[in-house]
Each structure stands twice: as structure tokens, then as C-alpha cells.
>>> print(open('input37.cif').read())   # mmCIF, C-alpha atoms
data_coords
#
loop_
_atom_site.label_atom_id
_atom_site.label_comp_id
_atom_site.auth_asym_id
_atom_site.auth_seq_id
_atom_site.Cartn_x
_atom_site.Cartn_y
_atom_site.Cartn_z
CA MET A 1 -8.49 9.53 15.13
CA LEU A 2 -5.25 8.27 13.62
CA LYS A 3 -3.43 10.40 11.07
CA PHE A 4 -2.33 8.71 7.87
CA GLU A 5 0.43 10.63 6.16
CA GLY A 6 4.04 10.30 5.08
CA SER A 7 5.55 7.08 3.77
CA LEU A 8 3.36 4.06 4.38
CA THR A 9 4.65 0.73 3.10
CA ALA A 10 2.52 -1.79 1.24
CA LEU A 11 4.30 -4.79 2.69
CA VAL A 12 5.12 -7.95 0.79
CA THR A 13 4.11 -11.24 2.37
CA PRO A 14 7.26 -13.40 2.55
CA PHE A 15 6.81 -17.10 1.89
CA ARG A 16 9.04 -20.10 2.52
CA ASN A 17 8.04 -23.47 1.10
CA GLY A 18 4.52 -22.23 0.47
CA ALA A 19 3.83 -20.93 3.99
CA VAL A 20 4.05 -17.43 5.44
CA ASP A 21 7.61 -16.90 6.70
CA GLU A 22 6.87 -15.47 10.14
CA LYS A 23 10.49 -14.73 11.08
CA ALA A 24 11.21 -12.90 7.83
CA PHE A 25 7.99 -10.92 8.11
CA ALA A 26 8.78 -9.76 11.63
CA GLY A 27 12.19 -8.64 10.40
CA LEU A 28 10.67 -6.69 7.54
CA VAL A 29 8.27 -4.91 9.89
CA ASP A 30 11.00 -3.97 12.37
CA ARG A 31 13.22 -2.65 9.58
CA GLN A 32 10.38 -0.45 8.32
CA VAL A 33 9.66 1.05 11.71
CA LEU A 34 13.33 1.78 12.40
CA ALA A 35 13.66 3.46 8.98
CA GLY A 36 10.93 5.99 9.74
CA THR A 37 8.00 4.46 7.88
CA ALA A 38 4.78 6.04 9.16
CA GLY A 39 2.43 3.09 8.69
CA LEU A 40 2.25 -0.46 7.38
CA VAL A 41 -0.25 -2.09 5.05
CA ALA A 42 -0.51 -5.83 5.64
CA ALA A 43 -2.26 -8.28 3.30
CA GLY A 44 -2.85 -5.81 0.50
CA SER A 45 -2.23 -6.36 -3.19
CA THR A 46 1.56 -6.12 -2.74
CA GLY A 47 1.07 -8.69 0.03
CA GLU A 48 -0.53 -11.06 -2.50
CA SER A 49 -3.96 -10.86 -0.92
CA PRO A 50 -5.72 -12.70 -3.79
CA THR A 51 -3.82 -15.88 -2.92
CA LEU A 52 -4.08 -15.57 0.86
CA SER A 53 -6.73 -17.70 2.52
CA GLU A 54 -8.82 -16.03 5.21
CA ASP A 55 -6.64 -17.75 7.81
CA ASP A 56 -3.47 -16.56 6.03
CA HIS A 57 -4.88 -13.05 5.91
CA GLU A 58 -5.56 -13.01 9.63
CA GLN A 59 -2.13 -14.51 10.33
CA VAL A 60 -0.35 -11.81 8.31
CA VAL A 61 -2.26 -8.99 10.00
CA ARG A 62 -1.66 -10.50 13.44
CA LEU A 63 2.06 -10.89 12.77
CA CYS A 64 2.28 -7.29 11.61
CA VAL A 65 0.49 -6.04 14.72
CA GLU A 66 2.76 -8.11 16.97
CA ALA A 67 5.95 -6.97 15.25
CA ALA A 68 4.93 -3.31 15.04
CA ARG A 69 4.23 -3.26 18.80
CA GLY A 70 2.17 -0.10 18.56
CA ARG A 71 5.00 1.96 17.10
CA VAL A 72 3.16 2.68 13.83
CA PRO A 73 -0.42 1.99 12.71
CA VAL A 74 -1.15 -1.31 10.98
CA ILE A 75 -3.58 -1.05 8.08
CA ALA A 76 -5.14 -4.34 7.00
CA GLY A 77 -6.16 -5.02 3.43
CA ALA A 78 -9.88 -5.72 3.19
CA GLY A 79 -10.52 -5.73 -0.53
CA SER A 80 -12.89 -8.18 -2.19
CA ASN A 81 -15.48 -8.24 -4.94
CA ASP A 82 -17.74 -10.02 -2.43
CA THR A 83 -18.96 -7.59 0.23
CA ALA A 84 -19.62 -10.37 2.74
CA LYS A 85 -16.03 -11.62 2.37
CA ALA A 86 -14.64 -8.09 2.71
CA ILE A 87 -16.58 -7.74 5.96
CA THR A 88 -15.24 -11.07 7.21
CA LEU A 89 -11.66 -10.03 6.45
CA ALA A 90 -12.24 -6.68 8.15
CA ARG A 91 -13.73 -8.18 11.29
CA ARG A 92 -10.95 -10.74 11.61
CA ALA A 93 -8.36 -7.99 11.14
CA GLU A 94 -10.03 -5.85 13.80
CA ARG A 95 -10.08 -8.82 16.17
CA VAL A 96 -6.28 -9.29 15.95
CA GLY A 97 -5.52 -5.61 16.49
CA ALA A 98 -5.41 -3.82 13.14
CA ASN A 99 -5.70 -0.05 13.45
CA ALA A 100 -7.36 0.62 10.09
CA LEU A 101 -8.51 -0.97 6.85
CA LEU A 102 -7.46 -0.45 3.23
CA ALA A 103 -10.40 -1.41 1.04
CA ALA A 104 -10.02 -1.72 -2.72
CA THR A 105 -12.84 -1.59 -5.21
CA GLY A 106 -14.16 -4.98 -6.29
CA TYR A 107 -12.85 -6.60 -9.46
CA TYR A 108 -14.53 -8.56 -12.28
CA ASN A 109 -18.20 -8.06 -11.37
CA LYS A 110 -17.96 -4.33 -12.26
CA PRO A 111 -20.33 -2.71 -9.74
CA SER A 112 -21.96 0.62 -10.53
CA GLN A 113 -21.21 3.75 -8.50
CA VAL A 114 -24.36 3.03 -6.48
CA GLY A 115 -23.10 -0.50 -5.84
CA LEU A 116 -19.65 0.74 -4.87
CA PHE A 117 -21.15 3.18 -2.38
CA ALA A 118 -23.29 0.42 -0.89
CA HIS A 119 -20.27 -1.90 -0.64
CA PHE A 120 -18.10 0.58 1.23
CA LYS A 121 -20.96 1.73 3.46
CA ALA A 122 -21.62 -1.89 4.46
CA LEU A 123 -17.93 -2.31 5.26
CA HIS A 124 -17.95 0.96 7.21
CA ASP A 125 -20.93 -0.16 9.27
CA ALA A 126 -19.46 -3.61 10.02
CA THR A 127 -16.45 -2.56 12.14
CA SER A 128 -15.25 0.35 14.25
CA LEU A 129 -12.02 0.81 12.26
CA PRO A 130 -11.17 3.81 10.08
CA ILE A 131 -11.16 2.98 6.37
CA ILE A 132 -8.85 4.10 3.58
CA LEU A 133 -10.57 3.69 0.22
CA TYR A 134 -8.37 2.27 -2.54
CA ASN A 135 -9.13 3.27 -6.12
CA VAL A 136 -7.02 1.18 -8.50
CA PRO A 137 -8.94 0.78 -11.77
CA GLY A 138 -5.87 -0.59 -13.53
CA ARG A 139 -6.26 -3.74 -11.44
CA THR A 140 -9.97 -3.83 -10.66
CA ILE A 141 -11.66 -2.11 -13.66
CA ALA A 142 -14.09 -0.47 -11.20
CA ASN A 143 -13.28 3.23 -10.92
CA LEU A 144 -14.63 5.22 -7.99
CA SER A 145 -15.82 8.61 -9.21
CA VAL A 146 -14.84 11.84 -7.47
CA GLU A 147 -18.50 12.27 -6.53
CA THR A 148 -18.84 8.78 -5.01
CA ILE A 149 -15.67 9.25 -2.98
CA ALA A 150 -16.95 12.62 -1.77
CA ALA A 151 -20.20 11.01 -0.66
CA LEU A 152 -18.33 8.21 1.12
CA SER A 153 -16.05 10.73 2.83
CA LYS A 154 -19.07 12.02 4.74
CA LEU A 155 -19.25 8.71 6.63
CA PRO A 156 -17.39 9.23 9.92
CA ARG A 157 -14.85 6.41 9.60
CA ILE A 158 -14.01 6.73 5.90
CA VAL A 159 -11.02 8.97 6.38
CA ALA A 160 -8.69 8.71 3.40
CA LEU A 161 -8.18 7.63 -0.20
CA LYS A 162 -5.32 5.74 -1.79
CA ASP A 163 -5.43 6.92 -5.40
CA ALA A 164 -3.62 4.73 -7.91
CA THR A 165 -5.26 6.19 -11.02
CA GLY A 166 -2.12 8.10 -11.99
CA ASP A 167 -4.34 11.09 -12.85
CA LEU A 168 -3.00 14.05 -10.90
CA SER A 169 -5.95 16.24 -11.86
CA ARG A 170 -8.10 14.03 -9.64
CA VAL A 171 -6.12 15.11 -6.59
CA ALA A 172 -7.29 18.71 -6.92
CA LEU A 173 -10.84 17.68 -7.82
CA GLN A 174 -11.05 15.26 -4.89
CA ARG A 175 -9.63 17.73 -2.42
CA LEU A 176 -12.23 20.29 -3.43
CA ALA A 177 -15.04 17.72 -3.36
CA SER A 178 -14.14 15.99 -0.09
CA GLY A 179 -12.60 18.80 1.94
CA GLU A 180 -9.29 19.27 3.71
CA SER A 181 -10.06 16.80 6.50
CA PHE A 182 -10.17 13.88 4.03
CA THR A 183 -6.63 12.59 3.49
CA LEU A 184 -5.38 11.86 -0.02
CA LEU A 185 -2.56 9.34 -0.43
CA SER A 186 -0.73 8.45 -3.61
CA GLY A 187 -0.81 4.84 -4.72
CA GLU A 188 1.98 5.33 -7.24
CA ASP A 189 5.63 5.81 -6.30
CA MET A 190 6.54 7.50 -9.58
CA THR A 191 4.05 10.37 -9.22
CA ALA A 192 4.08 10.73 -5.43
CA VAL A 193 5.89 14.09 -5.36
CA GLY A 194 3.49 15.65 -7.85
CA PHE A 195 0.55 14.10 -6.01
CA ASN A 196 1.58 15.76 -2.76
CA ALA A 197 2.18 19.08 -4.51
CA MET A 198 -1.49 18.95 -5.55
CA GLY A 199 -2.62 18.42 -1.96
CA GLY A 200 -1.75 14.83 -1.07
CA ARG A 201 -0.32 13.91 2.31
CA GLY A 202 1.69 10.79 1.61
CA CYS A 203 2.19 7.61 -0.38
CA ILE A 204 1.34 3.97 0.18
CA SER A 205 4.52 2.74 -1.41
CA VAL A 206 5.93 -0.40 -2.99
CA ALA A 207 9.46 0.98 -3.37
CA SER A 208 9.67 1.60 0.38
CA ASN A 209 9.86 -2.16 0.90
CA VAL A 210 13.46 -1.97 -0.30
CA ALA A 211 14.31 1.71 0.31
CA PRO A 212 12.26 2.68 3.38
CA GLU A 213 14.54 5.38 4.76
CA LEU A 214 14.82 7.30 1.48
CA CYS A 215 11.08 7.05 0.87
CA ALA A 216 10.35 8.29 4.40
CA ARG A 217 12.71 11.24 3.97
CA LEU A 218 11.17 12.10 0.60
CA GLN A 219 7.66 12.15 2.03
CA ALA A 220 8.76 14.19 5.03
CA ALA A 221 10.29 16.75 2.67
CA THR A 222 7.02 17.17 0.75
CA ILE A 223 5.01 17.55 3.95
CA ARG A 224 7.26 20.36 5.15
CA GLY A 225 7.10 21.94 1.67
CA ASP A 226 10.73 21.34 0.67
CA TYR A 227 10.10 20.20 -2.88
CA ALA A 228 13.68 20.82 -4.02
CA ALA A 229 14.88 18.19 -1.55
CA ALA A 230 11.98 15.90 -2.44
CA LEU A 231 12.77 16.09 -6.15
CA ALA A 232 16.42 15.32 -5.53
CA MET A 233 15.42 12.19 -3.63
CA GLN A 234 12.83 11.28 -6.26
CA ASP A 235 15.54 11.48 -8.91
CA ARG A 236 17.61 9.00 -6.92
CA LEU A 237 14.64 6.65 -6.53
CA THR A 238 13.30 6.87 -10.09
CA PRO A 239 15.53 4.16 -11.66
CA LEU A 240 14.55 1.78 -8.85
CA ILE A 241 10.84 2.59 -9.10
CA GLU A 242 10.88 2.15 -12.86
CA VAL A 243 12.42 -1.31 -12.71
CA LEU A 244 10.22 -2.45 -9.81
CA PHE A 245 7.24 -2.08 -12.13
CA ARG A 246 8.91 -3.54 -15.21
CA ASP A 247 7.17 -6.80 -14.31
CA VAL A 248 4.07 -7.61 -12.26
CA ASN A 249 4.19 -6.40 -8.65
CA PRO A 250 5.27 -7.83 -6.19
CA GLY A 251 7.63 -10.11 -8.15
CA PRO A 252 10.35 -7.48 -8.68
CA VAL A 253 10.26 -6.06 -5.16
CA LYS A 254 10.39 -9.54 -3.65
CA TYR A 255 13.42 -10.32 -5.79
CA GLY A 256 15.03 -7.10 -4.57
CA LEU A 257 14.40 -8.07 -0.97
CA SER A 258 15.88 -11.50 -1.63
CA LEU A 259 19.09 -9.85 -2.90
CA MET A 260 19.21 -7.97 0.39
CA GLY A 261 18.85 -11.21 2.34
CA LEU A 262 15.52 -10.16 3.87
CA CYS A 263 13.19 -12.83 2.46
CA THR A 264 12.91 -15.32 -0.36
CA GLU A 265 11.62 -14.29 -3.78
CA GLU A 266 8.91 -16.95 -3.52
CA LEU A 267 5.48 -16.05 -4.92
CA ARG A 268 2.20 -17.91 -5.05
CA LEU A 269 0.87 -18.92 -8.44
CA PRO A 270 -0.30 -17.53 -10.77
CA LEU A 271 2.44 -14.99 -10.02
CA VAL A 272 5.98 -15.96 -11.02
CA PRO A 273 9.38 -14.27 -10.56
CA PRO A 274 10.45 -11.61 -13.07
CA PRO A 275 12.55 -12.59 -16.09
CA GLN A 276 16.33 -12.65 -15.78
CA ALA A 277 16.82 -9.38 -17.67
CA VAL A 278 14.61 -7.56 -15.16
CA LYS A 279 16.41 -9.25 -12.27
CA GLU A 280 19.71 -7.89 -13.55
CA GLU A 281 18.27 -4.37 -13.73
CA ILE A 282 16.95 -4.67 -10.18
CA ARG A 283 20.41 -5.68 -9.00
CA ARG A 284 21.94 -2.64 -10.72
CA ALA A 285 19.34 -0.26 -9.26
CA LEU A 286 19.86 -1.56 -5.73
CA THR A 287 23.63 -1.35 -6.13
CA ALA A 288 23.40 2.26 -7.34
CA LEU A 289 21.49 3.19 -4.18
CA GLY A 290 23.99 1.39 -1.96
CA LEU A 291 21.37 -1.10 -0.80
CA ILE A 292 23.50 -4.08 -1.87
CA SER A 293 27.18 -4.49 -2.67
CA ALA A 294 28.39 -4.53 -6.25
#
>>> encode(input="input37.cif", output="C-alpha cells")
Amino acid sequence: MLKFEGSLTALVTPFRNGAVDEKAFAGLVDRQVLAGTAGLVAAGSTGESPTLSEDDHEQVVRLCVEAARGRVPVIAGAGSNDTAKAITLARRAERVGANALLAATGYYNKPSQVGLFAHFKALHDATSLPIILYNVPGRTIANLSVETIAALSKLPRIVALKDATGDLSRVALQRLASGESFTLLSGEDMTAVGFNAMGGRGCISVASNVAPELCARLQAATIRGDYAAALAMQDRLTPLIEVLFRDVNPGPVKYGLSLMGLCTEELRLPLVPPPQAVKEEIRRALTALGLISA
């Protein structure tokens, strides 16, 4: 079974004139691998999954698999508030070579805990891929309970949780409920060091799109228990992380990548680029880290 730990990047999906920019995407993937990123999430929320068609979704996962060339695992987003659609996305991702799935809770229709369990069990039974649950109530409203996650963790291919609740107490509670073999991953860059100190094993990161090497080194430091080094790196990253979430993700991180010449800042509606004031702060944060010239 694959191990999911360290710095895993929630990749943006680069667009050019409305279509997926295949060349830019391949470049982003190669840059991540060379920087020490331990895994790649394709077609997740940072990859603008709500505005990807099923064909787009498969294309993005396929491109990621082809560019990664087996060097790191590729984790395909498979979140939907329609279980049948989630299964379709998962099967198509498996067909083009994804190594695992990242499955968010459904949005808008507000399933109960019983419904959430049934949704993820159906997804589990539909493919042979390991699944990382994604609890992000700030985006979906639906909030997986510690008890539901513990029950799901007993299924053989539900192997990890991406927790974006921001509640560090849940890390300890989940670790006790699900056991040491169930991997806990932070879904928030700002609290990733604290998350790992409570028993987490990594972070599915937005900031690592622009600063992959520093994020990888930070996560490696926490895994070896060197929290002094991790905190020093977190202090360097904090101004960047703060500004990347000053506006709706992935607008700010795409703008940062555009400043670095790695892709356009193009988004699909209803998302729009961040306001000019935020753009100026992003430029300053990237300059301070030496990622772009002054």
C-alpha cells in the first residue's frame, strides 16, 4: 500500500484561452517532483474541479500521471455531491493511471452522517484505489464526525484523511479513534506544523504550488521531529500563506505562478482573479522568499 506523508501539492489546473494548458501543466508537475514533493493531487478544489467537465477531469489526471512518470503518487480528486458522479470520476481516474483518490464530502444537499458513510463506502467499493477522505466543512457544509471517519477507516482502502477543519483538537481525537495506521494529513498550510505535532504525517498544500522546496523541507523536518527547524521555515512561509488566502483559492496562487512565468492566471467563472491590492501583496511575498526578482 502506498504511503501518503510529507508535502503533497494540491495542483492548480492551468488554463489558456479556456482550455487546459497541457504544456504548462506538465512543467508544473516536473517542477514539483524535482523540488521533493511527495505526492500530487490533480483535479481537486485547488484544481478548480467544480468547473471541470468529466472529460477535463480525466484529461488533467492523465496529464499528471504522464508527467509524473511514476516518480510520485498521483491522487485524483473524486469529490461530488452526487455519488454516481463521484464513482464515474473515480473510475475514469483509475483507468488513466491514478494511484489514489481524494474524496471530499458532498456540498449543498447536506447528507447525514449515515448518508456520508454510505457515499464513501459506495466509492470505496467501486474501484480498487486507496481513498483519502477530505473533510472541508468550510466549503461543503457537511462535516464528517470523528466517529464516522473512524468507521470508514475500517474499510481496507480508506487509508487517510485530509482535515481542513482547522480544529487541531480533532487530530488527537481522530488518531485515538482511527488508530496509528490511519494517516492524518493537514488541509491547511497555516496550521500544518501544529497538526503534525498532534500526530499528523503531512500536508496537502496550496502554498507548495509556488514554494514546493521549502514546503517539502518543512514537512520533512516535522516527520523527523525537528520542530525548531520546521517552525523557522513556517515563519518564512507565513506571510506567503496568509496572502494566498486573502482572496478565494486558487486565484491568488495562480497569480503567483503567473508572476513566476509558470502558467497564466486564468480562472474559470465564477472565479475571478484577486483584486489589485492582493496582487501587490503576493508580489511582495514572493520577492521576500526569492521566488521572483524585485
>>> residues_around(input="input37.cif", residues="Ile241 (chain A)", least_positions_apart="3", cutoff="9 Å", atoms="all atoms listed in the file", output="ChimeraX atom specification")
/A:189-190,206-207,237-238,244-246,285
>>> atom_distance(input="input37.cif", atom1="CA of Ser128 (chain A)", atom2="CA of Ala38 (chain A)")
21.4 Å
>>> atom_distance(input="input37.cif", atom1="CA of Arg62 (chain A)", atom2="CA of Val96 (chain A)")
5.4 Å
>>> atom_distance(input="input37.cif", atom1="CA of Arg224 (chain A)", atom2="CA of Val159 (chain A)")
21.6 Å
>>> residues_near_point(input="input37.cif", point="(-18.9, -8.0, -4.1)", cutoff="10 Å", atoms="all atoms listed in the file", output="list in words")
Gly79, Ser80, Asn81, Asp82, Thr83, Ala84, Lys85, Ala86, Thr105, Gly106, Tyr107, Tyr108, Asn109, Lys110, Pro111, Gly115, Leu116 and His119 of chain A
>>> residues_around(input="input37.cif", residues="Val272 (chain A)", least_positions_apart="4", cutoff="9 Å", atoms="all atoms listed in the file", output="PDB file with C-alpha atoms, in the frame of the given file")
ATOM      1  CA  VAL A 248       4.070  -7.610 -12.260  1.00  0.00           C
ATOM      2  CA  GLY A 251       7.630 -10.110  -8.150  1.00  0.00           C
ATOM      3  CA  GLU A 266       8.910 -16.950  -3.520  1.00  0.00           C
ATOM      4  CA  LEU A 267       5.480 -16.050  -4.920  1.00  0.00           C
ATOM      5  CA  ARG A 268       2.200 -17.910  -5.050  1.00  0.00           C
TER       6      ARG A 268
END
>>> closest_residue(input="input37.cif", among="A:Thr51, A:Ser112, A:Thr46, A:Thr165", to="Ala10 (chain A)", atoms="all atoms listed in the file")
A:Thr46
>>> residues_near_point(input="input37.cif", point="(-3.9, 7.8, 4.2)", cutoff="6 Å", atoms="all atoms listed in the file", output="ChimeraX atom specification")
/A:4-5,160,183,185
>>> closest_residue(input="input37.cif", among="A:Pro212, A:Gly18, A:Pro50, A:Gly187", to="Pro270 (chain A)", atoms="only C-alpha atoms")
A:Pro50
>>> resolve_selection(input="input37.cif", expression="the PyMOL selection byres ((chain A and resi 167) around 12)", output="mmCIF file with C-alpha atoms, in the coordinates of the input")
data_model
loop_
_atom_site.group_PDB
_atom_site.id
_atom_site.type_symbol
_atom_site.label_atom_id
_atom_site.label_comp_id
_atom_site.auth_asym_id
_atom_site.auth_seq_id
_atom_site.Cartn_x
_atom_site.Cartn_y
_atom_site.Cartn_z
ATOM 1 C CA ASN A 135 -9.130 3.270 -6.120
ATOM 2 C CA VAL A 136 -7.020 1.180 -8.500
ATOM 3 C CA PRO A 137 -8.940 0.780 -11.770
ATOM 4 C CA GLY A 138 -5.870 -0.590 -13.530
ATOM 5 C CA VAL A 146 -14.840 11.840 -7.470
ATOM 6 C CA ASP A 163 -5.430 6.920 -5.400
ATOM 7 C CA ALA A 164 -3.620 4.730 -7.910
ATOM 8 C CA THR A 165 -5.260 6.190 -11.020
ATOM 9 C CA GLY A 166 -2.120 8.100 -11.990
ATOM 10 C CA LEU A 168 -3.000 14.050 -10.900
ATOM 11 C CA SER A 169 -5.950 16.240 -11.860
ATOM 12 C CA ARG A 170 -8.100 14.030 -9.640
ATOM 13 C CA VAL A 171 -6.120 15.110 -6.590
ATOM 14 C CA ALA A 172 -7.290 18.710 -6.920
ATOM 15 C CA LEU A 173 -10.840 17.680 -7.820
ATOM 16 C CA GLN A 174 -11.050 15.260 -4.890
ATOM 17 C CA SER A 186 -0.730 8.450 -3.610
ATOM 18 C CA GLY A 187 -0.810 4.840 -4.720
ATOM 19 C CA GLU A 188 1.980 5.330 -7.240
ATOM 20 C CA MET A 190 6.540 7.500 -9.580
ATOM 21 C CA THR A 191 4.050 10.370 -9.220
ATOM 22 C CA ALA A 192 4.080 10.730 -5.430
ATOM 23 C CA GLY A 194 3.490 15.650 -7.850
ATOM 24 C CA PHE A 195 0.550 14.100 -6.010
ATOM 25 C CA MET A 198 -1.490 18.950 -5.550
#
>>> residues_around(input="input37.cif", residues="region 259-265 of chain A", least_positions_apart="2", cutoff="8 Å", atoms="all atoms listed in the file", output="list in words")
Pro14, Phe15, Arg16, Ala24, Phe25, Gly27, Leu28, Gly251, Lys254, Tyr255, Gly256, Leu257, Leu267, Pro273, Arg283, Leu291 and Ile292 of chain A
>>> residues_around(input="input37.cif", residues="Val278 (chain A)", least_positions_apart="5", cutoff="8 Å", atoms="all atoms listed in the file", output="VMD selection string")
chain A and resid 243 246 to 247 252
>>> closest_residue(input="input37.cif", among="A:Ala98, A:Ala177, A:Val253, A:Leu161", to="Val12 (chain A)", atoms="all atoms listed in the file")
A:Val253
